[in-house]
Amino acid sequence: MTDLPDFEQMWRDLAPIGRSASSGGYFRQPWLSAELELRAWFREAAEARGLEVEEDPFGNLVAWWGPAGPSVLTGSHLDSVLDGGAYDGPLGVVSSFAALDLMRERGVQPSRRLGVAAFVEEEGSRFGRACLGSRLAVGATTWADAAELTDRDGVRLGDVIEGGTSTLLDGVATYVELHVEQGRGLIELDAPVGVHSAIWPHGRYRYDIAGRADHAGTTRMEDRVDPMLTYAMTALAANKQARVQGQRATFGRIDVRPNGTNAVPSHVTAWLDARAESDAALASLVTAVEKQAVERAERDGTTVTVTAESVSGEVAFDAALRDSLVARLGGVPVLPTQAGHDAGILQDAGIPTAMLFVRNPSGVSHSPYETAETADCLAGVEALADALSGLVVGEVTGEVAGEVAG
């Protein structure tokens with residue numbers, strides 16, 4: 001195993017930024033203090049390596065190495081979910097810098113430009129739109145639409161950044177993202193590194209359930225119009241339907257009004273995260289949950305309105321690139337992922353994309369318990385350096401890269 005002290009030092013530098021003293025989890029929401037500190041770290045890491053940093057109007061960053069022209073991009077994101085883990089996102093950025101260091105140490109002379117990217121608001125933890133930075137960079141979301149997004153405090157994105165038009169990804173022919181595994185696939189296969197084949201279809205759906213506020217003590221149970229009951233049964237329905245259909249459904253966020261201990265609520269807003277193995281399976285799951293919610297609302301006297309805030313279909317990563325990387329890396333495992341990534345946005349935009357992932361011994365993600373062993377992380381850096389070396393000197397999927405760039 002190659003000794004990569006720079007990787008471990010970078011990881012130590014990032015460890016305290018945005019970390020909660022009580023939970024050990026991370027709060028790295030976009031355009032707030034911790035995430036801005038991480039951006040400063042990114043620029044310092046790039047400057048220390050003599051790389052030119054480019055930033056687009058949305059806050060996406062790329063540090064470039066090599067000659068101008070068709071480009072290979074790697075990287076990930078630096079933001080976190082609320083009370084999230086250390087590895088989801090930053091591992092990909094730190095590993096990209098470490099892989100570039102290793103390539104230089106090996107004497108790699110790139111014939112294509114290599115960029116290390118840090119996309120903004122990948123988690124959607126502040127403004128509610130997952131992969132917002134990469135969506136804006138490729139034009140999948142318009143700035144006019146994004147500018148009107150608000151955070152939990154009512155702050156409008158258009159009042160945080162000026163926005164505009166991004167040219168950051170012009171000329172990018174290939175993207176390779178490394179990420180910690182968010183599951184147990186590599187644990188079961190006893191492998192430190194793998195390759196993703198596809199991202200499951202997934203969506204976020206807002207449930208607005210309206211009832212009538214009333215007194216918690218004087219109002220008889222049979223006289224209530226309680227939206228919390230409708231929500232509770234809907235959450236149970238989501239759990240049941242996901243289990244029956246073999247998919248994923250989660251209500252992880254809820255807003256209650258007036259949110260008083262001694263009052264029957266007037267309104268509940270809840271967000272459903274649904275994921276499935278196919279577009280048809282996702283539609284079936286979401287329809288089944290909504291049907292049970294409406295049926296329960298009729299019993300409770302409440303009303304339910306469901307709004308699809310974002311829906312992404314299945315994303316299959318570029319097969320030629322995937323197969324080339326698997327062969328170059330000695331036949332590592334290939335598995336799908338149920339998690340969304342910037343890589344899926346770039347692949348959908350027509351940029352051939354691949355994902356490497358590193359074993360997570362806990363199998364837990366989006367949690368302070370998310371982790372990875374240093375030895376596995378270093379194996380990931382070596383795998384990424386091997387993959388990128390082939391791409392920037394034209395040994396791996398050069399035909400694909402040239403075709404896209406042209």
# chains A, B, ... in the order shown; residues from 1 in each chain; ligands from 1
>>> residues_around(residues="segment 348-354 of chain A", least_positions_apart="3", cutoff="6 Å", atoms="only C-alpha atoms", output="list in words")
Ala173, Thr174, Tyr175, Val176, Phe317, Asp318, Arg322 and Ile345 of chain A
>>> select_by_dssp(residues="segment 136-209 of chain A", states="helix (DSSP H, G or I)", output="PDB file with N, CA, C and O atoms, in the first residue's frame")
ATOM      1  N   LEU A 136     -27.463  23.121 -11.789  1.00  0.00           N
ATOM      2  CA  LEU A 136     -27.303  24.454 -12.362  1.00  0.00           C
ATOM      3  C   LEU A 136     -26.139  24.496 -13.348  1.00  0.00           C
ATOM      4  O   LEU A 136     -26.212  25.154 -14.388  1.00  0.00           O
ATOM      5  N   ALA A 137     -25.064  23.784 -13.044  1.00  0.00           N
ATOM      6  CA  ALA A 137     -23.878  23.806 -13.908  1.00  0.00           C
ATOM      7  C   ALA A 137     -24.163  23.216 -15.284  1.00  0.00           C
ATOM      8  O   ALA A 137     -23.608  23.682 -16.285  1.00  0.00           O
ATOM      9  N   VAL A 138     -25.012  22.189 -15.351  1.00  0.00           N
ATOM     10  CA  VAL A 138     -25.312  21.554 -16.651  1.00  0.00           C
ATOM     11  C   VAL A 138     -26.591  22.097 -17.273  1.00  0.00           C
ATOM     12  O   VAL A 138     -26.961  21.701 -18.378  1.00  0.00           O
ATOM     13  N   TRP A 143     -31.573  29.078 -13.385  1.00  0.00           N
ATOM     14  CA  TRP A 143     -31.315  29.987 -12.283  1.00  0.00           C
ATOM     15  C   TRP A 143     -32.599  30.698 -11.855  1.00  0.00           C
ATOM     16  O   TRP A 143     -32.812  30.955 -10.668  1.00  0.00           O
ATOM     17  N   ALA A 144     -33.486  30.988 -12.802  1.00  0.00           N
ATOM     18  CA  ALA A 144     -34.750  31.645 -12.450  1.00  0.00           C
ATOM     19  C   ALA A 144     -35.542  30.800 -11.463  1.00  0.00           C
ATOM     20  O   ALA A 144     -36.154  31.325 -10.524  1.00  0.00           O
ATOM     21  N   ASP A 145     -35.524  29.493 -11.663  1.00  0.00           N
ATOM     22  CA  ASP A 145     -36.224  28.586 -10.749  1.00  0.00           C
ATOM     23  C   ASP A 145     -35.473  28.484  -9.419  1.00  0.00           C
ATOM     24  O   ASP A 145     -36.066  28.594  -8.341  1.00  0.00           O
ATOM     25  N   ALA A 146     -34.167  28.275  -9.489  1.00  0.00           N
ATOM     26  CA  ALA A 146     -33.376  28.083  -8.268  1.00  0.00           C
ATOM     27  C   ALA A 146     -33.364  29.332  -7.391  1.00  0.00           C
ATOM     28  O   ALA A 146     -33.341  29.240  -6.161  1.00  0.00           O
ATOM     29  N   LEU A 157     -32.565  31.927  -2.037  1.00  0.00           N
ATOM     30  CA  LEU A 157     -31.251  31.675  -2.628  1.00  0.00           C
ATOM     31  C   LEU A 157     -30.791  32.854  -3.463  1.00  0.00           C
ATOM     32  O   LEU A 157     -29.605  33.198  -3.458  1.00  0.00           O
ATOM     33  N   GLY A 158     -31.724  33.492  -4.179  1.00  0.00           N
ATOM     34  CA  GLY A 158     -31.365  34.642  -4.996  1.00  0.00           C
ATOM     35  C   GLY A 158     -30.835  35.815  -4.198  1.00  0.00           C
ATOM     36  O   GLY A 158     -30.201  36.721  -4.762  1.00  0.00           O
ATOM     37  N   ASP A 159     -31.060  35.807  -2.879  1.00  0.00           N
ATOM     38  CA  ASP A 159     -30.511  36.848  -2.021  1.00  0.00           C
ATOM     39  C   ASP A 159     -29.183  36.444  -1.395  1.00  0.00           C
ATOM     40  O   ASP A 159     -28.541  37.249  -0.711  1.00  0.00           O
ATOM     41  N   GLY A 185     -22.880  -3.344   0.612  1.00  0.00           N
ATOM     42  CA  GLY A 185     -22.499  -4.207  -0.503  1.00  0.00           C
ATOM     43  C   GLY A 185     -21.061  -4.684  -0.441  1.00  0.00           C
ATOM     44  O   GLY A 185     -20.772  -5.880  -0.586  1.00  0.00           O
ATOM     45  N   LEU A 186     -20.115  -3.777  -0.220  1.00  0.00           N
ATOM     46  CA  LEU A 186     -18.701  -4.147  -0.189  1.00  0.00           C
ATOM     47  C   LEU A 186     -18.340  -4.915   1.073  1.00  0.00           C
ATOM     48  O   LEU A 186     -17.403  -5.721   1.065  1.00  0.00           O
ATOM     49  N   ILE A 187     -19.075  -4.674   2.160  1.00  0.00           N
ATOM     50  CA  ILE A 187     -18.855  -5.469   3.371  1.00  0.00           C
ATOM     51  C   ILE A 187     -19.141  -6.928   3.065  1.00  0.00           C
ATOM     52  O   ILE A 187     -18.358  -7.839   3.397  1.00  0.00           O
ATOM     53  N   GLU A 188     -20.278  -7.173   2.429  1.00  0.00           N
ATOM     54  CA  GLU A 188     -20.688  -8.550   2.139  1.00  0.00           C
ATOM     55  C   GLU A 188     -19.771  -9.219   1.128  1.00  0.00           C
ATOM     56  O   GLU A 188     -19.593 -10.433   1.146  1.00  0.00           O
ATOM     57  N   LEU A 189     -19.168  -8.413   0.244  1.00  0.00           N
ATOM     58  CA  LEU A 189     -18.253  -8.964  -0.765  1.00  0.00           C
ATOM     59  C   LEU A 189     -16.800  -8.961  -0.299  1.00  0.00           C
ATOM     60  O   LEU A 189     -15.922  -9.447  -1.016  1.00  0.00           O
TER      61      LEU A 189
END
>>> residues_around(residues="Arg135 of chain A", least_positions_apart="4", cutoff="12 Å", atoms="only C-alpha atoms", output="PyMOL selection string")
chain A and resi 58+60+119-122+124+129-131+139-143+145-146+165-166+169+310+312+341-349
>>> residues_around(residues="Thr230 of chain A", least_positions_apart="3", cutoff="10 Å", atoms="only C-alpha atoms", output="ChimeraX atom specification")
/A:209-211,225-227,233-235,268,292-304
>>> closest_residue(among="A:Val155, A:Ala40, A:Ala15, A:Val311", to="Phe127 of chain A", atoms="only C-alpha atoms")
A:Val155
>>> residues_around(residues="Gln241 of chain A", least_positions_apart="6", cutoff="9 Å", atoms="only C-alpha atoms", output="list of chain:residue names")
A:Gln247, A:Arg248, A:Ala249, A:Leu285, A:Val286, A:Ala288, A:Val289
>>> closest_residue(among="A:Thr337, A:Gly133, A:Arg275, A:Leu388", to="Val116 of chain A", atoms="only C-alpha atoms")
A:Leu388
>>> residues_around(residues="Gly313 of chain A", least_positions_apart="6", cutoff="10 Å", atoms="only C-alpha atoms", output="number ranges by chain")
A: 199-203, 275-280, 282, 344, 348
>>> closest_residue(among="A:Gly24, A:Pro368, A:Gly363, A:Gly331", to="Ala383 of chain A", atoms="only C-alpha atoms")
A:Gly331
>>> select_by_dssp(residues="segment 188-332 of chain A", states="strand (DSSP E)", output="PyMOL selection string")
chain A and resi 193-199+202-210+214-215+248-257+263-264+267-275+303-312+315-316
